[in-house]
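my_file-v6.txt (compact mmCIF, C-alpha atoms)
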```txt
# COMPACT_ATOMS: atom_id res chain seq x y z
CA MET A 1 0.00 0.00 0.00
CA ASN A 2 1.34 3.40 -0.97
CA ILE A 3 0.17 5.76 1.78
CA ASN A 4 0.73 8.88 -0.34
CA THR A 5 -1.54 7.54 -3.11
CA GLU A 6 -4.22 6.63 -0.56
CA LEU A 7 -4.04 10.07 1.09
CA ARG A 8 -4.41 11.87 -2.24
CA LYS A 9 -7.38 9.68 -3.16
CA LEU A 10 -8.99 10.53 0.15
CA ALA A 11 -8.16 14.26 -0.07
CA ARG A 12 -9.82 14.73 -3.46
CA ASN A 13 -12.94 12.86 -2.37
CA GLN A 14 -16.12 14.98 -2.29
CA TYR A 15 -16.91 14.18 1.35
CA TRP A 16 -13.54 15.41 2.66
CA GLN A 17 -13.52 18.38 0.32
CA ALA A 18 -16.96 19.42 1.62
CA LEU A 19 -15.78 19.04 5.24
CA TYR A 20 -12.68 21.08 4.47
CA ASN A 21 -14.71 23.84 2.78
CA THR A 22 -17.03 24.07 5.79
CA ASN A 23 -14.07 24.12 8.17
CA LYS A 24 -12.45 27.04 6.36
CA ASP A 25 -15.13 29.27 7.90
CA ASN A 26 -14.15 28.11 11.41
CA SER A 27 -17.32 26.04 11.78
CA GLY A 28 -15.62 23.94 14.46
CA ILE A 29 -16.23 20.65 12.68
CA GLN A 30 -13.53 18.27 13.77
CA LEU A 31 -11.70 16.47 10.98
CA PHE A 32 -9.85 14.00 13.19
CA LYS A 33 -10.43 12.27 16.53
CA ASN A 34 -7.33 13.99 17.91
CA ASN A 35 -7.00 17.78 18.02
CA SER A 36 -3.30 17.87 18.79
CA ASP A 37 -0.19 15.75 18.18
CA LEU A 38 -1.03 15.31 14.50
CA SER A 39 0.84 12.48 12.84
CA SER A 40 2.92 13.01 9.73
CA VAL A 41 0.22 11.15 7.79
CA GLN A 42 -2.46 13.59 9.02
CA VAL A 43 -0.29 16.63 8.24
CA GLU A 44 0.33 15.32 4.73
CA PHE A 45 -3.40 14.69 4.30
CA LEU A 46 -4.17 18.31 5.29
CA GLN A 47 -1.64 19.55 2.75
CA TRP A 48 -3.30 17.50 0.00
CA LEU A 49 -6.77 18.62 1.11
CA ASN A 50 -5.64 22.21 0.62
CA ILE A 51 -3.98 21.54 -2.74
CA TYR A 52 -7.04 19.74 -4.16
CA ASN A 53 -9.30 22.48 -2.78
CA ILE A 54 -7.33 25.07 -4.77
CA LEU A 55 -7.38 22.88 -7.89
CA TYR A 56 -11.15 22.26 -7.69
CA THR A 57 -11.71 26.02 -7.26
CA GLU A 58 -9.53 26.73 -10.32
CA LEU A 59 -11.37 24.04 -12.27
CA ALA A 60 -14.74 25.61 -11.44
CA GLN A 61 -13.46 29.03 -12.44
CA LYS A 62 -11.96 27.59 -15.65
CA GLU A 63 -8.63 29.23 -14.81
CA SER A 64 -6.63 27.04 -17.17
CA ASN A 65 -7.49 24.91 -20.18
CA LEU A 66 -4.82 22.45 -19.02
CA LEU A 67 -6.74 21.58 -15.86
CA THR A 68 -9.54 19.02 -16.15
CA GLU A 69 -11.28 16.61 -13.78
CA LYS A 70 -9.23 13.78 -15.30
CA VAL A 71 -6.00 15.65 -14.55
CA ILE A 72 -7.04 16.02 -10.90
CA GLN A 73 -7.89 12.31 -10.67
CA ASP A 74 -4.53 11.19 -12.09
CA ASP A 75 -1.60 11.64 -9.66
CA GLU A 76 1.14 12.01 -12.28
CA ARG A 77 -0.85 14.37 -14.52
CA CYS A 78 -1.76 16.33 -11.41
CA ASN A 79 1.94 16.53 -10.41
CA ALA A 80 2.73 17.81 -13.89
CA TYR A 81 0.00 20.44 -13.62
CA LEU A 82 1.21 21.53 -10.14
CA TYR A 83 4.74 21.94 -11.52
CA TYR A 84 3.43 23.98 -14.47
CA ARG A 85 1.33 26.10 -12.08
CA LYS A 86 4.33 26.76 -9.81
CA GLN A 87 6.43 27.88 -12.76
CA LYS A 88 3.60 30.14 -14.00
CA ILE A 89 3.23 31.80 -10.58
CA GLU A 90 7.01 32.33 -10.34
CA GLN A 91 7.08 33.85 -13.84
CA GLU A 92 4.19 36.20 -12.98
CA TRP A 93 5.93 37.22 -9.74
CA PHE A 94 9.19 37.88 -11.64
CA GLU A 95 7.35 40.03 -14.22
CA HIS A 96 5.56 41.92 -11.49
CA GLN A 97 8.84 42.64 -9.66
CA ARG A 98 10.51 43.72 -12.92
CA ASP A 99 7.65 46.11 -13.79
CA LYS A 100 7.77 47.50 -10.26
CA LYS A 101 11.51 48.17 -10.50
CA ILE A 102 11.09 49.88 -13.90
CA ASP A 103 8.26 52.06 -12.56
CA GLU A 104 10.33 52.99 -9.48
CA ALA A 105 13.31 53.90 -11.68
CA LYS A 106 11.08 55.96 -13.99
CA ALA A 107 9.63 57.85 -11.03
CA LYS A 108 13.09 58.44 -9.51
CA HIS A 109 14.59 59.87 -12.69
CA ASN A 110 11.51 61.87 -13.62
CA PHE A 111 11.09 60.78 -17.24
CA LYS A 112 8.34 63.28 -17.94
CA LYS A 113 10.41 65.73 -19.98
CA GLU A 114 10.23 64.84 -23.70
CA GLY A 115 13.52 64.14 -25.43
CA SER A 116 15.58 63.78 -22.26
CA VAL A 117 17.95 60.80 -22.05
CA SER A 118 19.14 59.10 -18.88
CA VAL A 119 21.00 55.91 -18.01
CA ILE A 120 19.67 53.86 -15.11
CA ASP A 121 20.54 50.48 -13.62
CA VAL A 122 17.65 48.04 -13.23
CA ASP A 123 18.50 44.54 -12.02
CA LEU A 124 16.25 42.23 -14.05
CA ARG A 125 17.81 38.99 -12.93
CA ARG A 126 15.62 36.36 -11.34
CA LYS A 127 16.22 35.97 -7.64
CA MET B 128 -15.44 -15.22 -16.31
CA SER B 129 -11.67 -15.48 -16.72
CA ASN B 130 -9.21 -15.02 -13.88
CA GLN B 131 -7.81 -11.98 -15.64
CA HIS B 132 -11.30 -10.45 -15.81
CA ILE B 133 -11.84 -11.08 -12.10
CA ALA B 134 -8.45 -9.53 -11.30
CA GLU B 135 -9.41 -6.45 -13.34
CA ILE B 136 -12.71 -6.10 -11.47
CA ILE B 137 -10.95 -6.45 -8.11
CA LYS B 138 -8.36 -3.85 -9.17
CA GLU B 139 -11.14 -1.45 -10.21
CA MET B 140 -12.98 -2.00 -6.92
CA GLU B 141 -9.81 -1.44 -4.93
CA SER B 142 -9.20 1.84 -6.71
CA ASP B 143 -12.55 3.08 -5.39
CA ILE B 144 -11.98 1.97 -1.81
CA LEU B 145 -11.03 4.82 0.48
CA ARG B 146 -8.93 4.42 3.63
CA PRO B 147 -10.21 7.00 6.18
CA ASP B 148 -8.64 4.85 8.92
CA LEU B 149 -5.28 6.25 7.82
CA ILE B 150 -6.13 9.70 9.10
CA GLN B 151 -8.95 9.26 11.64
CA ASP B 152 -6.44 9.58 14.51
CA ASN B 153 -2.69 9.73 14.99
CA LYS B 154 -2.26 5.96 14.74
CA LEU B 155 -1.77 3.53 11.86
CA HIS B 156 -3.45 0.14 11.84
CA PHE B 157 -2.06 -2.91 10.07
CA SER B 158 -2.01 -6.67 10.32
CA CYS B 159 0.94 -9.02 10.47
CA ASN B 160 1.42 -12.66 11.55
CA ASN B 161 -2.38 -13.00 12.01
CA MET B 162 -2.47 -10.15 14.53
CA VAL B 163 -4.24 -6.81 14.34
CA LEU B 164 -1.70 -4.19 15.27
CA ARG B 165 -1.27 -0.45 15.37
CA VAL B 166 1.53 2.03 15.84
CA ARG B 167 0.83 5.20 17.82
CA MET B 168 2.60 8.55 18.05
CA PRO B 169 5.20 8.64 20.83
CA ASN B 170 4.74 11.30 23.53
CA GLN B 171 7.33 13.94 24.41
CA LEU B 172 8.74 11.90 27.29
CA GLU B 173 9.18 8.84 25.08
CA LEU B 174 10.89 10.95 22.40
CA LEU B 175 13.25 12.35 25.03
CA LYS B 176 14.04 8.87 26.32
CA ALA B 177 14.65 7.66 22.75
CA THR B 178 17.09 10.52 22.13
CA GLU B 179 18.96 9.66 25.34
CA LYS B 180 19.15 6.00 24.27
CA LYS B 181 20.37 7.02 20.82
CA ASN B 182 23.10 9.26 22.28
CA GLU B 183 24.27 6.49 24.63
CA TYR B 184 24.42 4.02 21.76
CA GLU B 185 26.23 6.50 19.50
CA ILE B 186 28.94 7.01 22.15
CA GLN B 187 29.26 3.23 22.58
CA LEU B 188 29.79 2.87 18.83
CA LEU B 189 32.30 5.73 18.76
CA ASN B 190 34.37 3.99 21.44
CA ARG B 191 34.23 0.68 19.64
CA GLU B 192 36.97 -0.34 17.22
CA ASN B 193 36.37 -0.54 13.47
CA THR B 194 33.48 1.90 13.45
CA LEU B 195 33.16 4.83 11.06
CA THR B 196 31.08 7.98 11.01
CA LEU B 197 29.04 8.67 7.90
CA LYS B 198 31.59 11.21 6.68
CA GLN B 199 34.49 8.75 7.19
CA LEU B 200 32.57 5.91 5.56
CA LYS B 201 31.73 8.05 2.51
CA LYS B 202 35.45 8.88 2.17
CA THR B 203 36.47 5.20 2.49
CA LEU B 204 33.83 4.15 -0.03
CA LYS B 205 35.03 6.80 -2.48
CA GLU B 206 38.56 5.45 -2.23
CA LYS B 207 37.17 2.04 -3.19
CA GLY B 208 35.33 3.48 -6.19
CA ILE B 209 31.86 3.88 -4.63
CA ASP B 210 31.01 7.56 -4.83
CA ILE B 211 27.94 8.35 -2.69
CA SER B 212 28.05 12.07 -3.60
CA LYS B 213 27.89 11.14 -7.28
CA MET B 214 24.91 8.86 -6.59
CA GLU B 215 23.18 11.77 -4.81
CA ALA B 216 23.95 14.02 -7.78
CA ASP B 217 22.49 11.34 -10.10
CA ILE B 218 19.24 11.46 -8.10
CA ILE B 219 19.03 15.24 -8.63
CA LYS B 220 19.62 14.70 -12.37
CA LEU B 221 16.80 12.13 -12.46
CA ASP B 222 14.49 14.59 -10.68
CA GLU B 223 15.32 17.19 -13.32
CA LYS B 224 14.58 14.61 -16.03
CA SER B 225 11.15 14.02 -14.44
CA LEU B 226 10.41 17.74 -14.61
CA LEU B 227 11.12 17.74 -18.37
CA ILE B 228 8.55 14.95 -18.78
CA TYR B 229 6.08 16.96 -16.66
CA ASP B 230 6.54 19.81 -19.17
CA LYS B 231 5.42 17.43 -21.96
CA LEU B 232 2.70 15.69 -19.96
CA VAL B 233 0.92 18.84 -18.78
CA LYS B 234 0.13 19.87 -22.36
CA LYS B 235 -1.56 16.57 -23.24
CA GLN B 236 -5.32 16.60 -23.68
CA ASP B 237 -7.52 13.98 -21.97
CA THR B 238 -8.06 12.28 -25.34
CA GLU B 239 -4.35 11.65 -25.96
CA THR B 240 -4.41 8.48 -23.85
CA GLU B 241 -1.51 6.68 -25.54
CA ALA B 242 0.82 9.68 -25.30
CA ILE B 243 -0.15 10.18 -21.66
CA GLU B 244 0.56 6.52 -20.86
CA SER B 245 3.92 6.76 -22.63
CA ASP B 246 4.94 9.81 -20.52
CA LYS B 247 3.75 8.06 -17.36
CA LYS B 248 5.80 4.98 -18.28
CA GLU B 249 8.89 7.20 -18.65
CA LEU B 250 8.20 8.71 -15.22
CA GLU B 251 7.77 5.23 -13.74
CA ASP B 252 11.11 4.12 -15.22
CA ILE B 253 12.85 7.19 -13.75
CA LYS B 254 11.25 6.46 -10.38
CA LYS B 255 12.52 2.85 -10.53
CA GLU B 256 16.02 4.03 -11.42
CA LYS B 257 15.91 6.55 -8.58
CA ASN B 258 14.75 3.91 -6.09
CA GLU B 259 17.58 1.59 -7.15
CA ILE B 260 20.12 4.35 -6.44
CA LEU B 261 18.43 5.15 -3.12
CA ASP B 262 18.55 1.46 -2.14
CA GLU B 263 22.22 1.32 -3.07
CA ILE B 264 23.02 4.44 -1.01
CA SER B 265 21.03 3.14 1.93
CA LYS B 266 22.79 -0.24 1.79
CA ARG B 267 26.25 1.33 1.54
CA ILE B 268 25.87 3.86 4.36
CA SER B 269 24.03 1.57 6.78
CA PRO B 270 27.22 0.44 8.63
CA SER B 271 28.00 4.05 9.64
CA ILE B 272 27.64 5.13 13.26
CA ASP B 273 25.15 7.86 12.32
CA ILE B 274 22.75 5.49 10.55
CA GLN B 275 23.10 2.75 13.18
CA ALA B 276 22.29 5.25 15.93
CA GLU B 277 19.31 6.55 13.96
CA ASN B 278 18.06 2.96 13.49
CA TYR B 279 18.50 2.36 17.20
CA TYR B 280 16.36 5.44 17.91
CA VAL B 281 13.54 4.26 15.62
CA SER B 282 13.83 0.68 16.93
CA TYR B 283 13.44 1.91 20.50
CA LEU B 284 10.36 3.96 19.60
CA THR B 285 8.96 1.00 17.62
CA SER B 286 9.31 -1.22 20.67
CA ILE B 287 7.17 1.12 22.80
CA CYS B 288 4.69 2.40 20.19
CA THR B 289 3.55 -0.88 18.61
CA GLU B 290 0.35 -2.24 20.13
CA LYS B 291 -1.75 -5.34 19.53
CA SER B 292 -5.51 -5.58 19.89
CA ILE B 293 -6.87 -7.97 22.49
CA GLU B 294 -10.50 -8.82 23.09
CA GLU B 295 -11.42 -8.71 26.77
CA GLU B 296 -15.06 -9.18 27.83
CA ASN B 297 -16.30 -8.09 24.39
CA ASN B 298 -14.12 -5.00 24.54
CA VAL B 299 -11.14 -4.39 22.29
CA ILE B 300 -8.18 -3.11 24.21
CA TRP B 301 -4.72 -2.21 22.94
CA LYS B 302 -1.63 -3.47 24.73
CA SER B 303 2.06 -3.04 23.98
CA LEU B 304 3.23 -5.81 21.68
CA TRP B 305 6.62 -5.97 23.37
CA GLU B 306 7.00 -5.68 27.15
CA SER B 307 10.39 -4.04 26.84
CA PHE B 308 13.04 -2.95 24.35
CA ASP B 309 14.93 -6.16 25.15
CA ASP B 310 11.85 -8.19 24.14
CA TYR B 311 11.77 -6.28 20.89
CA LEU B 312 15.46 -7.01 20.26
CA LYS B 313 14.81 -10.71 20.97
CA GLU B 314 11.81 -10.84 18.59
CA GLU B 315 12.40 -13.51 15.97
CA SER B 316 9.89 -12.38 13.36
CA SER B 317 11.72 -9.96 11.12
CA ASP B 318 8.42 -9.23 9.30
CA LEU B 319 6.87 -7.94 12.50
CA LYS B 320 9.83 -5.66 13.24
CA PHE B 321 10.04 -4.50 9.63
CA TYR B 322 6.35 -3.57 9.26
CA SER B 323 6.09 -1.95 12.70
CA MET B 324 9.16 0.16 12.07
CA GLY B 325 7.99 1.06 8.56
CA TYR B 326 4.56 2.22 9.72
CA LEU B 327 6.00 4.17 12.66
CA THR B 328 8.42 5.93 10.33
CA GLN B 329 5.50 6.89 8.05
CA LEU B 330 3.52 8.10 11.02
CA MET B 331 6.13 10.44 12.44
CA MET B 332 8.45 11.17 9.53
CA LYS B 333 7.81 14.91 9.14
CA VAL B 334 6.76 15.51 12.73
CA LYS B 335 10.02 14.39 14.36
```
What do you get writing this file as structure tokens?
Amino acid sequence: MNINTELRKLARNQYWQALYNTNKDNSGIQLFKNNSDLSSVQVEFLQWLNIYNILYTELAQKESNLLTEKVIQDDERCNAYLYYRKQKIEQEWFEHQRDKKIDEAKAKHNFKKEGSVSVIDVDLRRK
Amino acid sequence: MSNQHIAEIIKEMESDILRPDLIQDNKLHFSCNNMVLRVRMPNQLELLKATEKKNEYEIQLLNRENTLTLKQLKKTLKEKGIDISKMEADIIKLDEKSLLIYDKLVKKQDTETEAIESDKKELEDIKKEKNEILDEISKRISPSIDIQAENYYVSYLTSICTEKSIEEENNVIWKSLWESFDDYLKEESSDLKFYSMGYLTQLMMKVK
């Protein structure tokens, strides 16, 4: 038995997703018999519950044409999608930081005057 | 109905079976040698005791002749042509190879079943290769003091956290499988030790 596979199967199940959604509003519904001393297995399950919750929300909102119900149900395809999603978020963050730096540099050097030329350093490397 | 057909039906049924018992509490249930068993999370006092035991054992090993720390063993192995660092680097390379396949796989539509299966087969092969290297590393470094002490730590916790179910007056009660650590060490069934230790490791891996 592969525990990780079993936990993912359980985490994407409608029953647990519904419980998780209700619990997000601090409804006080208890997920486990124990409230403290969570085992590694329980912690991993909570992580997967959260991941599948995000994926089901994105699926409902049609955020990406690469995400389908079949992708969510298949562990390897789901891993591939999560990797793609991580890269996309990192790329968006990088672009956002770059635009912010350019805007800051523009504001600092007051580029409003037409025809004026200035040299500025903007570090566009990924960090 | 052929045997193959029955096997397919069973496989399909198994894929639908959920295992809420895995997460219902901080214990893992399993069966071995016709016994129903469970491993539970150790408490803080037990963890402290296990660390003390581990430290004592580590010092014993350090004072013993012909023992090597992990660092020394890796150096000795390298001199004999077994490069653990290279094996670790190979694992990172395999992980990177998996990511390239993920790049291909993510773009596949649901209808491209054959192409999806082919990518998944490649991923499976990489996983097998990775596991072989991991097994090799684990086998090679196991004689080191560090790994032996770590095993001692987990063995000690296994001896106190494994419980068997006993029926008493129509009630199921859980009792320690081994009375003491010495009983655990004397246990002849390697299966029992192996499964108990495996499940306990799963249970507390990231929490430790």
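All chain B residues having an atom within 8 Å of chain A, based on all atoms listed in the file, amount to B:Leu145, B:Arg146, B:Pro147, B:Leu149, B:Ile150, B:Gln151, B:Asp152, B:Asn153, B:Lys154, B:Met168, B:Leu226, B:Tyr229, B:Asp230, B:Leu232, B:Val233, B:Lys234, B:Lys235, B:Gln236, B:Asp237, B:Lys247, B:Gln329, B:Leu330, B:Met331, B:Met332, B:Lys333, B:Val334.
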I need the chosen residues saved as a JSON list (two decimals), in the coordinates of the input, with C-alpha atoms.
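The result, stored in part.json:
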```json
[["chain", "number", "residue", "atom", "x", "y", "z"],
["B", 145, "LEU", "CA", -11.03, 4.82, 0.48],
["B", 146, "ARG", "CA", -8.93, 4.42, 3.63],
["B", 147, "PRO", "CA", -10.21, 7.00, 6.18],
["B", 149, "LEU", "CA", -5.28, 6.25, 7.82],
["B", 150, "ILE", "CA", -6.13, 9.70, 9.10],
["B", 151, "GLN", "CA", -8.95, 9.26, 11.64],
["B", 152, "ASP", "CA", -6.44, 9.58, 14.51],
["B", 153, "ASN", "CA", -2.69, 9.73, 14.99],
["B", 154, "LYS", "CA", -2.26, 5.96, 14.74],
["B", 168, "MET", "CA", 2.60, 8.55, 18.05],
["B", 226, "LEU", "CA", 10.41, 17.74, -14.61],
["B", 229, "TYR", "CA", 6.08, 16.96, -16.66],
["B", 230, "ASP", "CA", 6.54, 19.81, -19.17],
["B", 232, "LEU", "CA", 2.70, 15.69, -19.96],
["B", 233, "VAL", "CA", 0.92, 18.84, -18.78],
["B", 234, "LYS", "CA", 0.13, 19.87, -22.36],
["B", 235, "LYS", "CA", -1.56, 16.57, -23.24],
["B", 236, "GLN", "CA", -5.32, 16.60, -23.68],
["B", 237, "ASP", "CA", -7.52, 13.98, -21.97],
["B", 247, "LYS", "CA", 3.75, 8.06, -17.36],
["B", 329, "GLN", "CA", 5.50, 6.89, 8.05],
["B", 330, "LEU", "CA", 3.52, 8.10, 11.02],
["B", 331, "MET", "CA", 6.13, 10.44, 12.44],
["B", 332, "MET", "CA", 8.45, 11.17, 9.53],
["B", 333, "LYS", "CA", 7.81, 14.91, 9.14],
["B", 334, "VAL", "CA", 6.76, 15.51, 12.73]]
```
Leu200 in chain B environment, 9 Å, only C-alpha atoms, sequence neighbours closer than 6 positions dropped, as a list in words
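In the requested form, the answer reads Thr194, Arg267, Ile268, Pro270 and Ser271 of chain B.
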I'd like the neighbourhood of Leu19 in chain A as a ChimeraX atom specification, where a residue qualifies if any of its atoms comes within 9 Å (using all atoms listed in the file), though same-chain residues fewer than 3 positions away should be ignored.
/A:14-16,22-24,29-31
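Atom pair CA of Tyr184 in chain B / CA of Ser282 in chain B: separated by 12.1 Å.
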For CA of Arg12 in chain A and CA of Ile72 in chain A, determine how far apart the two atoms are, in Å to one decimal place.
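It comes out at 8.0 Å.
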What's the separation between CA of Asn161 in chain B and CA of Asn298 in chain B, in Å to one decimal place?
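Going from CA of Asn161 in chain B over to CA of Asn298 in chain B covers 18.9 Å.
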Cut-off 10 Å around (16.3, -1.7, 29.0) with only C-alpha atoms: residues as number ranges by chain
B: 180, 283, 307-310
Please fill the gaps in range 284-306 of chain B so it has N, CA and C atoms, and write that as an mmCIF file, keeping the file's coordinate frame.
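The result, stored in part02.cif:
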```
data_model
loop_
_atom_site.group_PDB
_atom_site.id
_atom_site.type_symbol
_atom_site.label_atom_id
_atom_site.label_comp_id
_atom_site.auth_asym_id
_atom_site.auth_seq_id
_atom_site.Cartn_x
_atom_site.Cartn_y
_atom_site.Cartn_z
ATOM 1 N N LEU B 284 11.726 3.414 19.653
ATOM 2 C CA LEU B 284 10.360 3.960 19.600
ATOM 3 C C LEU B 284 9.364 2.905 19.099
ATOM 4 N N THR B 285 9.822 2.074 18.137
ATOM 5 C CA THR B 285 8.960 1.000 17.620
ATOM 6 C C THR B 285 8.577 0.037 18.745
ATOM 7 N N SER B 286 9.555 -0.251 19.586
ATOM 8 C CA SER B 286 9.310 -1.220 20.670
ATOM 9 C C SER B 286 8.250 -0.705 21.656
ATOM 10 N N ILE B 287 8.168 0.630 21.833
ATOM 11 C CA ILE B 287 7.170 1.120 22.800
ATOM 12 C C ILE B 287 5.868 1.595 22.141
ATOM 13 N N CYS B 288 5.885 1.840 20.837
ATOM 14 C CA CYS B 288 4.690 2.400 20.190
ATOM 15 C C CYS B 288 3.879 1.385 19.382
ATOM 16 N N THR B 289 4.325 0.133 19.345
ATOM 17 C CA THR B 289 3.550 -0.880 18.610
ATOM 18 C C THR B 289 2.613 -1.576 19.593
ATOM 19 N N GLU B 290 1.342 -1.624 19.234
ATOM 20 C CA GLU B 290 0.350 -2.240 20.130
ATOM 21 C C GLU B 290 -0.455 -3.299 19.382
ATOM 22 N N LYS B 291 -0.897 -4.312 20.145
ATOM 23 C CA LYS B 291 -1.750 -5.340 19.530
ATOM 24 C C LYS B 291 -3.139 -5.280 20.160
ATOM 25 N N SER B 292 -4.141 -5.644 19.356
ATOM 26 C CA SER B 292 -5.510 -5.580 19.890
ATOM 27 C C SER B 292 -5.857 -6.910 20.574
ATOM 28 N N ILE B 293 -6.474 -6.780 21.728
ATOM 29 C CA ILE B 293 -6.870 -7.970 22.490
ATOM 30 C C ILE B 293 -8.340 -7.811 22.865
ATOM 31 N N GLU B 294 -9.088 -8.901 22.690
ATOM 32 C CA GLU B 294 -10.500 -8.820 23.090
ATOM 33 C C GLU B 294 -10.653 -9.259 24.531
ATOM 34 N N GLU B 295 -11.201 -8.374 25.352
ATOM 35 C CA GLU B 295 -11.420 -8.710 26.770
ATOM 36 C C GLU B 295 -12.846 -8.363 27.124
ATOM 37 N N GLU B 296 -13.638 -9.377 27.480
ATOM 38 C CA GLU B 296 -15.060 -9.180 27.830
ATOM 39 C C GLU B 296 -15.779 -8.324 26.789
ATOM 40 N N ASN B 297 -15.673 -8.757 25.527
ATOM 41 C CA ASN B 297 -16.300 -8.090 24.390
ATOM 42 C C ASN B 297 -15.787 -6.667 24.132
ATOM 43 N N ASN B 298 -14.728 -6.301 24.799
ATOM 44 C CA ASN B 298 -14.120 -5.000 24.540
ATOM 45 C C ASN B 298 -12.760 -5.191 23.866
ATOM 46 N N VAL B 299 -12.459 -4.310 22.928
ATOM 47 C CA VAL B 299 -11.140 -4.390 22.290
ATOM 48 C C VAL B 299 -10.212 -3.440 23.046
ATOM 49 N N ILE B 300 -9.159 -3.989 23.553
ATOM 50 C CA ILE B 300 -8.180 -3.110 24.210
ATOM 51 C C ILE B 300 -6.825 -3.250 23.499
ATOM 52 N N TRP B 301 -6.022 -2.208 23.610
ATOM 53 C CA TRP B 301 -4.720 -2.210 22.940
ATOM 54 C C TRP B 301 -3.621 -2.309 23.992
ATOM 55 N N LYS B 302 -2.747 -3.271 23.797
ATOM 56 C CA LYS B 302 -1.630 -3.470 24.730
ATOM 57 C C LYS B 302 -0.315 -3.458 23.965
ATOM 58 N N SER B 303 0.747 -3.040 24.634
ATOM 59 C CA SER B 303 2.060 -3.040 23.980
ATOM 60 C C SER B 303 2.390 -4.440 23.468
ATOM 61 N N LEU B 304 2.889 -4.511 22.251
ATOM 62 C CA LEU B 304 3.230 -5.810 21.680
ATOM 63 C C LEU B 304 4.459 -6.392 22.370
ATOM 64 N N TRP B 305 5.411 -5.513 22.675
ATOM 65 C CA TRP B 305 6.620 -5.970 23.370
ATOM 66 C C TRP B 305 6.650 -5.356 24.773
ATOM 67 N N GLU B 306 6.955 -6.156 25.752
ATOM 68 C CA GLU B 306 7.000 -5.680 27.150
ATOM 69 C C GLU B 306 8.122 -4.682 27.375
#
```
